[in-house]
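Chemist: To be precise about what I am sending: the file is called query_1.cif and holds mmCIF, C-alpha atoms and all ligand atoms.
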data_model
loop_
_atom_site.label_atom_id
_atom_site.label_comp_id
_atom_site.auth_asym_id
_atom_site.auth_seq_id
_atom_site.Cartn_x
_atom_site.Cartn_y
_atom_site.Cartn_z
CA MET A 226 -3.10 101.06 -26.19
CA ASN A 227 -2.68 102.95 -29.49
CA ILE A 228 -4.31 106.29 -30.33
CA LEU A 229 -7.31 104.66 -31.98
CA ASP A 230 -8.02 102.67 -28.79
CA LYS A 231 -7.85 105.90 -26.77
CA ILE A 232 -10.17 107.73 -29.17
CA VAL A 233 -12.65 104.83 -29.06
CA GLU A 234 -12.56 104.69 -25.24
CA LYS A 235 -13.41 108.40 -25.04
CA LYS A 236 -16.06 108.06 -27.73
CA ILE A 237 -17.90 105.30 -25.86
CA GLU A 238 -18.15 107.62 -22.80
CA GLN A 239 -19.27 110.55 -24.98
CA ILE A 240 -22.02 108.57 -26.71
CA ALA A 241 -23.37 107.28 -23.39
CA GLU A 242 -23.75 110.93 -22.32
CA GLU A 243 -25.27 112.00 -25.65
CA LYS A 244 -27.84 109.20 -25.41
CA ARG A 245 -28.89 110.55 -22.01
CA GLN A 246 -29.47 113.95 -23.61
CA VAL A 247 -31.14 112.80 -26.85
CA SER A 248 -32.76 109.36 -26.88
CA ILE A 249 -32.29 106.98 -29.81
CA GLU A 250 -36.02 107.34 -30.62
CA GLU A 251 -35.60 111.10 -30.88
CA MET A 252 -32.42 110.70 -32.96
CA ILE A 253 -34.27 108.39 -35.38
CA LYS A 254 -36.96 111.08 -35.76
CA ARG A 255 -34.35 113.78 -36.35
CA ALA A 256 -32.81 111.67 -39.11
CA GLU A 257 -36.10 111.31 -40.99
CA GLY A 258 -36.54 113.25 -44.22
CA LYS A 259 -32.96 114.48 -44.46
CA ILE A 260 -31.76 114.96 -48.02
CA ILE A 261 -28.63 113.01 -48.83
CA ARG A 262 -26.11 114.04 -51.49
CA ASP A 263 -24.63 111.26 -53.62
CA PHE A 264 -21.11 110.72 -52.29
CA THR A 265 -20.57 107.50 -54.28
CA SER A 266 -21.34 109.15 -57.63
CA ALA A 267 -19.19 112.16 -56.71
CA ILE A 268 -16.23 109.77 -56.36
CA ARG A 269 -17.11 107.53 -59.30
CA ASP A 270 -17.86 110.34 -61.75
CA ALA A 271 -14.94 112.61 -60.84
CA GLU A 272 -12.65 113.69 -63.62
CA GLY A 273 -9.42 111.85 -62.84
CA LEU A 274 -8.70 111.28 -59.18
CA ALA A 275 -11.56 112.38 -56.91
CA ILE A 276 -10.40 114.74 -54.18
CA ILE A 277 -12.09 114.61 -50.80
CA SER A 278 -10.93 117.74 -49.02
CA GLU A 279 -11.01 117.63 -45.25
CA ILE A 280 -12.04 120.36 -42.80
CA LYS A 281 -9.86 119.71 -39.77
CA LYS A 282 -8.79 122.06 -36.99
CA ALA A 283 -6.49 119.75 -35.04
CA SER A 284 -5.32 116.15 -34.80
CA PRO A 285 -3.65 113.86 -32.29
CA SER A 286 -0.49 113.73 -34.41
CA GLN A 287 -0.19 117.48 -35.14
CA GLY A 288 -2.01 119.30 -32.35
CA ILE A 289 -3.57 122.50 -33.66
CA ILE A 290 -3.28 122.63 -37.45
CA LYS A 291 -5.22 125.86 -38.04
CA GLU A 292 -5.32 128.48 -35.27
CA ASP A 293 -7.91 130.75 -36.94
CA PHE A 294 -10.05 127.78 -37.94
CA ASP A 295 -13.25 128.71 -39.79
CA PRO A 296 -15.20 125.75 -41.25
CA VAL A 297 -17.44 127.94 -43.42
CA ALA A 298 -14.59 129.96 -44.94
CA THR A 299 -12.70 126.70 -45.54
CA ALA A 300 -15.71 125.13 -47.26
CA LYS A 301 -16.03 128.16 -49.53
CA ILE A 302 -12.38 127.83 -50.55
CA TYR A 303 -12.80 124.09 -51.24
CA GLU A 304 -15.96 124.74 -53.23
CA GLU A 305 -14.12 127.34 -55.33
CA GLN A 306 -11.32 124.84 -55.99
CA GLY A 307 -13.90 122.38 -57.34
CA PHE A 308 -13.02 119.51 -55.01
CA ASP A 309 -15.37 116.55 -55.42
CA ALA A 310 -16.50 115.95 -51.84
CA PHE A 311 -15.71 117.19 -48.34
CA SER A 312 -14.77 115.41 -45.15
CA VAL A 313 -15.72 117.20 -41.94
CA LEU A 314 -14.20 116.18 -38.61
CA THR A 315 -16.86 116.13 -35.93
CA GLU A 316 -14.84 114.38 -33.20
CA LYS A 317 -14.58 116.88 -30.33
CA HIS A 318 -11.86 115.78 -27.96
CA PHE A 319 -8.87 114.87 -30.17
CA PHE A 320 -9.69 116.80 -33.38
CA LEU A 321 -11.64 119.75 -31.91
CA GLY A 322 -14.48 119.09 -34.32
CA ASP A 323 -18.19 119.59 -33.81
CA ASP A 324 -21.41 118.06 -35.17
CA SER A 325 -22.70 121.53 -36.06
CA TYR A 326 -19.95 122.01 -38.67
CA ILE A 327 -21.70 119.70 -41.13
CA GLU A 328 -24.85 121.82 -41.54
CA MET A 329 -22.69 124.97 -41.61
CA VAL A 330 -20.59 123.55 -44.43
CA LYS A 331 -23.60 122.13 -46.27
CA ALA A 332 -25.22 125.56 -46.33
CA VAL A 333 -22.36 127.03 -48.37
CA SER A 334 -21.44 124.09 -50.58
CA SER A 335 -22.94 121.80 -53.18
CA LYS A 336 -20.76 118.77 -52.51
CA PRO A 337 -21.48 115.60 -50.51
CA ILE A 338 -20.03 115.51 -47.02
CA LEU A 339 -18.33 112.64 -45.24
CA ARG A 340 -18.87 112.77 -41.51
CA LYS A 341 -15.39 112.04 -40.14
CA ASP A 342 -15.81 110.56 -36.70
CA PHE A 343 -15.34 107.31 -34.84
CA ILE A 344 -18.47 105.19 -35.02
CA VAL A 345 -18.81 102.76 -32.12
CA ASP A 346 -22.58 102.61 -31.64
CA GLU A 347 -25.61 102.27 -33.95
CA TYR A 348 -26.92 105.51 -32.41
CA GLN A 349 -24.24 107.43 -34.31
CA ILE A 350 -25.52 106.14 -37.66
CA TYR A 351 -28.86 107.91 -37.09
CA GLN A 352 -26.98 110.87 -35.64
CA THR A 353 -24.82 111.13 -38.79
CA LYS A 354 -27.93 111.44 -40.93
CA ALA A 355 -29.63 113.79 -38.42
CA ILE A 356 -26.71 116.26 -38.45
CA GLY A 357 -26.63 116.34 -42.27
CA GLY A 358 -23.91 113.82 -43.15
CA ASP A 359 -24.11 112.22 -46.58
CA ALA A 360 -21.37 109.67 -46.08
CA ILE A 361 -20.22 107.89 -42.93
CA LEU A 362 -16.78 106.59 -41.98
CA LEU A 363 -16.82 103.00 -40.68
CA ILE A 364 -13.41 101.89 -39.39
CA ALA A 365 -12.99 98.13 -39.85
CA SER A 366 -10.62 97.58 -36.92
CA VAL A 367 -12.99 99.44 -34.57
CA LEU A 368 -16.19 97.68 -35.63
CA LYS A 369 -14.85 94.22 -36.51
CA GLU A 370 -17.79 91.75 -36.42
CA LYS A 371 -20.27 94.64 -36.11
CA LEU A 372 -19.13 96.04 -39.47
CA PRO A 373 -21.58 94.16 -41.77
CA GLU A 374 -24.55 95.19 -39.63
CA TYR A 375 -23.47 98.84 -39.38
CA TYR A 376 -22.73 98.90 -43.10
CA ARG A 377 -26.18 97.53 -43.92
CA LYS A 378 -27.88 99.94 -41.51
CA SER A 379 -26.04 102.92 -43.01
CA VAL A 380 -27.04 101.94 -46.55
CA GLU A 381 -30.63 101.32 -45.44
CA LEU A 382 -30.73 104.92 -44.14
CA GLY A 383 -29.41 106.18 -47.48
CA LEU A 384 -25.94 107.05 -46.18
CA HIS A 385 -22.83 106.26 -48.22
CA PRO A 386 -20.36 104.28 -46.10
CA LEU A 387 -16.63 104.62 -46.55
CA VAL A 388 -15.06 101.57 -44.91
CA GLU A 389 -11.52 102.21 -43.74
CA ILE A 390 -8.69 99.74 -43.30
CA HIS A 391 -5.12 100.28 -42.15
CA SER A 392 -3.41 96.98 -42.86
CA GLU A 393 -3.43 93.81 -44.92
CA LYS A 394 -4.69 91.92 -41.86
CA GLU A 395 -7.84 94.10 -41.82
CA VAL A 396 -8.85 93.10 -45.36
CA ALA A 397 -10.50 90.01 -43.79
CA TYR A 398 -12.70 92.27 -41.61
CA ILE A 399 -14.39 93.83 -44.64
CA GLU A 400 -15.16 90.69 -46.65
CA LYS A 401 -18.62 90.14 -45.20
CA ALA A 402 -19.70 93.78 -45.48
CA ASP A 403 -18.38 93.83 -49.07
CA PRO A 404 -18.20 97.66 -49.23
CA MET A 405 -18.29 99.64 -52.46
CA ILE A 406 -16.00 102.40 -51.12
CA ILE A 407 -12.84 101.35 -49.30
CA GLY A 408 -10.39 103.77 -47.68
CA ILE A 409 -6.77 102.76 -47.18
CA ASN A 410 -5.34 104.84 -44.37
CA ASN A 411 -1.63 105.53 -44.80
CA ARG A 412 -1.08 106.49 -41.15
CA ASP A 413 0.70 104.16 -38.75
CA LEU A 414 -1.35 104.50 -35.58
CA GLU A 415 1.57 103.57 -33.31
CA THR A 416 4.10 106.07 -34.66
CA PHE A 417 1.77 108.57 -36.44
CA THR A 418 4.05 108.46 -39.50
CA THR A 419 2.37 108.46 -42.91
CA ASP A 420 3.57 106.85 -46.13
CA VAL A 421 1.53 107.23 -49.29
CA ARG A 422 3.18 104.07 -50.67
CA HIS A 423 1.23 102.13 -48.06
CA THR A 424 -1.77 102.38 -50.43
CA GLU A 425 0.07 100.35 -53.07
CA LYS A 426 0.88 97.60 -50.55
CA ILE A 427 -2.77 97.13 -49.55
CA LEU A 428 -4.44 97.80 -52.90
CA LYS A 429 -3.44 94.44 -54.35
CA TYR A 430 -5.57 92.61 -51.75
CA LEU A 431 -8.78 94.48 -52.65
CA PRO A 432 -11.38 93.59 -55.31
CA LYS A 433 -10.64 95.47 -58.53
CA ASP A 434 -14.16 96.81 -59.00
CA ARG A 435 -14.24 98.95 -55.82
CA LEU A 436 -13.82 102.68 -55.34
CA VAL A 437 -10.59 102.92 -53.36
CA ILE A 438 -9.62 106.10 -51.52
CA SER A 439 -6.10 106.74 -50.30
CA GLU A 440 -6.19 108.61 -46.98
CA SER A 441 -3.65 110.56 -44.91
CA GLY A 442 -0.22 112.05 -45.55
CA ILE A 443 -0.93 113.26 -49.09
CA LYS A 444 1.27 116.32 -49.46
CA GLY A 445 1.15 117.57 -53.02
CA ALA A 446 0.88 117.09 -56.76
CA GLU A 447 3.60 114.39 -56.88
CA ASP A 448 1.66 112.21 -54.44
CA LEU A 449 -1.53 112.67 -56.47
CA LYS A 450 0.28 111.71 -59.67
CA TYR A 451 1.60 108.57 -57.97
CA LEU A 452 -1.83 107.62 -56.60
CA LYS A 453 -3.40 108.14 -59.99
CA SER A 454 -0.81 105.79 -61.50
CA LEU A 455 -1.96 103.10 -59.05
CA GLY A 456 -5.51 103.38 -60.36
CA VAL A 457 -7.19 104.36 -57.09
CA SER A 458 -10.41 106.38 -57.35
CA GLY A 459 -9.70 109.14 -54.87
CA ALA A 460 -7.55 110.87 -52.28
CA LEU A 461 -8.62 112.21 -48.90
CA ILE A 462 -6.51 115.22 -47.92
CA GLY A 463 -6.62 117.16 -44.67
CA GLU A 464 -3.54 118.71 -43.13
CA SER A 465 -1.72 119.88 -46.25
CA LEU A 466 -4.84 121.66 -47.53
CA MET A 467 -5.61 123.21 -44.14
CA ARG A 468 -2.03 124.55 -43.88
CA ASN A 469 -2.17 126.07 -47.38
CA LEU A 470 -5.68 127.49 -47.61
CA LYS A 471 -4.39 130.83 -48.88
CA ASP A 472 -2.60 129.27 -51.82
CA ILE A 473 -3.70 125.69 -52.42
CA LYS A 474 -2.42 125.85 -56.03
CA LYS A 475 1.13 126.17 -54.68
CA VAL A 476 1.01 122.56 -53.43
CA PHE A 477 -1.70 120.89 -55.51
O1 LIG B 1 -4.83 112.80 -38.19
C1 LIG B 1 -4.41 112.16 -37.22
O2 LIG B 1 -3.45 112.53 -36.51
C2 LIG B 1 -5.08 110.88 -36.80
C3 LIG B 1 -4.61 110.19 -35.70
C4 LIG B 1 -5.25 109.04 -35.30
C5 LIG B 1 -6.35 108.54 -35.97
C6 LIG B 1 -6.81 109.22 -37.09
C7 LIG B 1 -6.19 110.37 -37.49
N1 LIG B 1 -6.66 111.08 -38.58
C8 LIG B 1 -7.88 110.79 -39.25
C9 LIG B 1 -7.71 110.76 -40.70
O3 LIG B 1 -8.03 109.76 -41.27
C10 LIG B 1 -7.16 111.97 -41.41
O4 LIG B 1 -7.75 113.11 -40.85
C11 LIG B 1 -7.39 111.99 -42.92
O5 LIG B 1 -7.01 110.80 -43.53
C12 LIG B 1 -6.58 113.14 -43.53
O6 LIG B 1 -5.21 112.96 -43.25
P1 LIG B 1 -4.16 114.13 -43.45
O7 LIG B 1 -4.23 114.56 -44.88
O8 LIG B 1 -2.83 113.52 -43.14
O9 LIG B 1 -4.54 115.24 -42.53
#
So that I can check it, write out the structure of this file as structure tokens.
Modeler:
Amino acid sequence: MNILDKIVEKKIEQIAEEKRQVSIEEMIKRAEGKIIRDFTSAIRDAEGLAIISEIKKASPSQGIIKEDFDPVATAKIYEEQGFDAFSVLTEKHFFLGDDSYIEMVKAVSSKPILRKDFIVDEYQIYQTKAIGGDAILLIASVLKEKLPEYYRKSVELGLHPLVEIHSEKEVAYIEKADPMIIGINNRDLETFTTDVRHTEKILKYLPKDRLVISESGIKGAEDLKYLKSLGVSGALIGESLMRNLKDIKKVF
């Protein structure tokens, strides 16, 4: 069982409990009328490489990343830096995130927000919209044959799906959904190691007209320069920003 399997196992339990507290009918109502910011255009229209800056307190690979974690203060710093979009971890158990962080961040920023969580149930698509998410992460290896349906449902609700793959083998999982935004995650889920060059290995198997985001293990300006040379559309950066909030310019 790798870490993703463990996260998914916990998530299935959590969603069963959340459904007992708030029914799907109620969640659908809560999602109605929510204004959605245009994540796709934020990536497409960015000057150079789009930066999706992540708000992340902890992770399975690193433990606590930011002791004095403050999502609002972090969002203000990211907004000041002019990053193109934000990613907010809402997963509670492994990343110490919370659903409430999205509205908190939205209140102090103008940028679209990716809800970073582990979607295993259609309920969470409505929930993502209800809590203020603009974009939703759909992990191909988690959803497999459910991916096309969840992708379609997300788009129907006005959300912008980012479909994530980890390996060449997973490229087949996304063919039917045919996503516009594809994330290549550079993290090996068995060893936790990251290698930005992983993006280059997978990129050649993807359609050329997609918005491709390189995710995980991006440590500084050199990595960004390299990713730009590959022609990807964006980079999703968490840990190295969170560890350098006081002086982001030193690393990026
Ligand atoms: O971050 C982890 O340790 C992790 C472990 C297992 C599954 C997913 C994990 N992270 C989710 C992410 O995709 C990252 O938060 C995101 O790509 C940013 O990565 P980084 O810049 O390395 O913090």
Chemist: Name the residues, by chain letter and number, that sit within 9 Å of ligand LIG 1 (chain B) using only C-alpha atoms and all ligand atoms, and give them as a PyMOL selection string.
Modeler: chain A and resi 227-229+232+278-281+283-288+312+314+319-320+341-342+389+408-415+417+419+439-444+460-467
Chemist: Counting all atoms listed in the file, which residues have an atom no more than 12 Å from (-17.6, 95.2, -48.3) in the file's coordinates? Please list them as a CSV table (one decimal) with C-alpha atoms, in the frame of the given file.
Modeler:
chain,number,residue,atom,x,y,z
A,363,LEU,CA,-16.8,103.0,-40.7
A,364,ILE,CA,-13.4,101.9,-39.4
A,365,ALA,CA,-13.0,98.1,-39.8
A,372,LEU,CA,-19.1,96.0,-39.5
A,373,PRO,CA,-21.6,94.2,-41.8
A,374,GLU,CA,-24.6,95.2,-39.6
A,375,TYR,CA,-23.5,98.8,-39.4
A,376,TYR,CA,-22.7,98.9,-43.1
A,377,ARG,CA,-26.2,97.5,-43.9
A,380,VAL,CA,-27.0,101.9,-46.6
A,386,PRO,CA,-20.4,104.3,-46.1
A,387,LEU,CA,-16.6,104.6,-46.6
A,388,VAL,CA,-15.1,101.6,-44.9
A,389,GLU,CA,-11.5,102.2,-43.7
A,390,ILE,CA,-8.7,99.7,-43.3
A,395,GLU,CA,-7.8,94.1,-41.8
A,396,VAL,CA,-8.8,93.1,-45.4
A,397,ALA,CA,-10.5,90.0,-43.8
A,398,TYR,CA,-12.7,92.3,-41.6
A,399,ILE,CA,-14.4,93.8,-44.6
A,400,GLU,CA,-15.2,90.7,-46.6
A,401,LYS,CA,-18.6,90.1,-45.2
A,402,ALA,CA,-19.7,93.8,-45.5
A,403,ASP,CA,-18.4,93.8,-49.1
A,404,PRO,CA,-18.2,97.7,-49.2
A,405,MET,CA,-18.3,99.6,-52.5
A,406,ILE,CA,-16.0,102.4,-51.1
A,407,ILE,CA,-12.8,101.4,-49.3
A,408,GLY,CA,-10.4,103.8,-47.7
A,431,LEU,CA,-8.8,94.5,-52.6
A,432,PRO,CA,-11.4,93.6,-55.3
A,434,ASP,CA,-14.2,96.8,-59.0
A,435,ARG,CA,-14.2,99.0,-55.8
A,436,LEU,CA,-13.8,102.7,-55.3
A,437,VAL,CA,-10.6,102.9,-53.4
Chemist: To one decimal place, how far is CA of Ser248 (chain A) from CA of Phe264 (chain A) in Å?
Modeler: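 CA of Phe264 (chain A) lies at a distance of 28.0 Å from CA of Ser248 (chain A).
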Chemist: For a quick check of understanding, using all atoms listed in the file, which of A:Val476, A:Leu384, A:Val233, A:Leu274 has the smallest distance to Leu368 (chain A)?
Modeler: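 Closest residue, counting all atoms listed in the file: A:Val233.
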Chemist: What is the CA of Gly358 (chain A)-CA of Ile327 (chain A) distance in Å, reported with one decimal?
Modeler: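 Atom-to-atom, CA of Gly358 (chain A) and CA of Ile327 (chain A) are spaced 6.6 Å apart.
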Chemist: Can you list, as number ranges by chain, every protein, DNA or RNA residue that comes within 12 Å of region 468-473 of chain A when you count all atoms listed in the file, leaving out same-chain residues fewer than 6 positions away?
Modeler: A: 278-283, 287, 289-296, 298-303, 305-308, 444-446, 462
Chemist: Please list as a list in words every residue within 9 Å of Lys236 (chain A), counting all atoms listed in the file and excluding residues in the same chain fewer than 2 positions away.
Modeler: Lys231, Ile232, Val233, Glu234, Glu238, Gln239, Ile240, Ala241, Glu316, His318, Phe343, Ile344 and Val345 of chain A
Chemist: One decimal, in Å: what's the spacing between CA of Lys354 (chain A) and CA of Ser334 (chain A)?
Modeler: 17.2 Å
Chemist: Go through A:Asp230, A:Ile249, A:Leu455, A:Glu272 one by one, measure the shortest atom-to-atom distance of each to Ser366 (chain A) using all atoms listed in the file, and give the residue with the smallest value.
Modeler: A:Asp230
Chemist: Pick from A:Ile276, A:Glu304, A:Thr265, A:Glu393: nearest to Ile361 (chain A), with only C-alpha atoms counted?
Modeler: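 Among the listed residues, the smallest separation from Ile361 (chain A) belongs to A:Thr265.
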Chemist: Can you work out which one of A:Thr416, A:Ser458, A:Gln246, A:Ser379 has the shortest atom-to-atom distance to Ile438 (chain A), counting only C-alpha atoms?
Modeler: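 With only C-alpha atoms as the atom set, the closest residue is A:Ser458.
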Chemist: Smallest atom-to-atom distance to Gly273 (chain A): which of A:Lys259, A:Lys475, A:Lys450, A:Arg340, using only C-alpha atoms?
Modeler: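 Of A:Lys259, A:Lys475, A:Lys450, A:Arg340, the one nearest Gly273 (chain A), counting only C-alpha atoms, is A:Lys450.
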Chemist: Which residues come within 8 Å of Asp309 (chain A), counting only C-alpha atoms, excluding same-chain residues fewer than 3 positions away, as a list in words?
Modeler: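 Final neighbour list, sorted by chain and number: Ala267, Ile268, Ala271, Ala275, Ile276, Ile277, Ser278, Lys336 and Pro337 of chain A.
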Chemist: Between A:Arg269, A:Arg422, A:Lys394, A:Arg262, single out the one closest to Lys331 (chain A), counting all atoms listed in the file.
Modeler: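 Checking each candidate against Lys331 (chain A), we get A:Arg262 as the closest.
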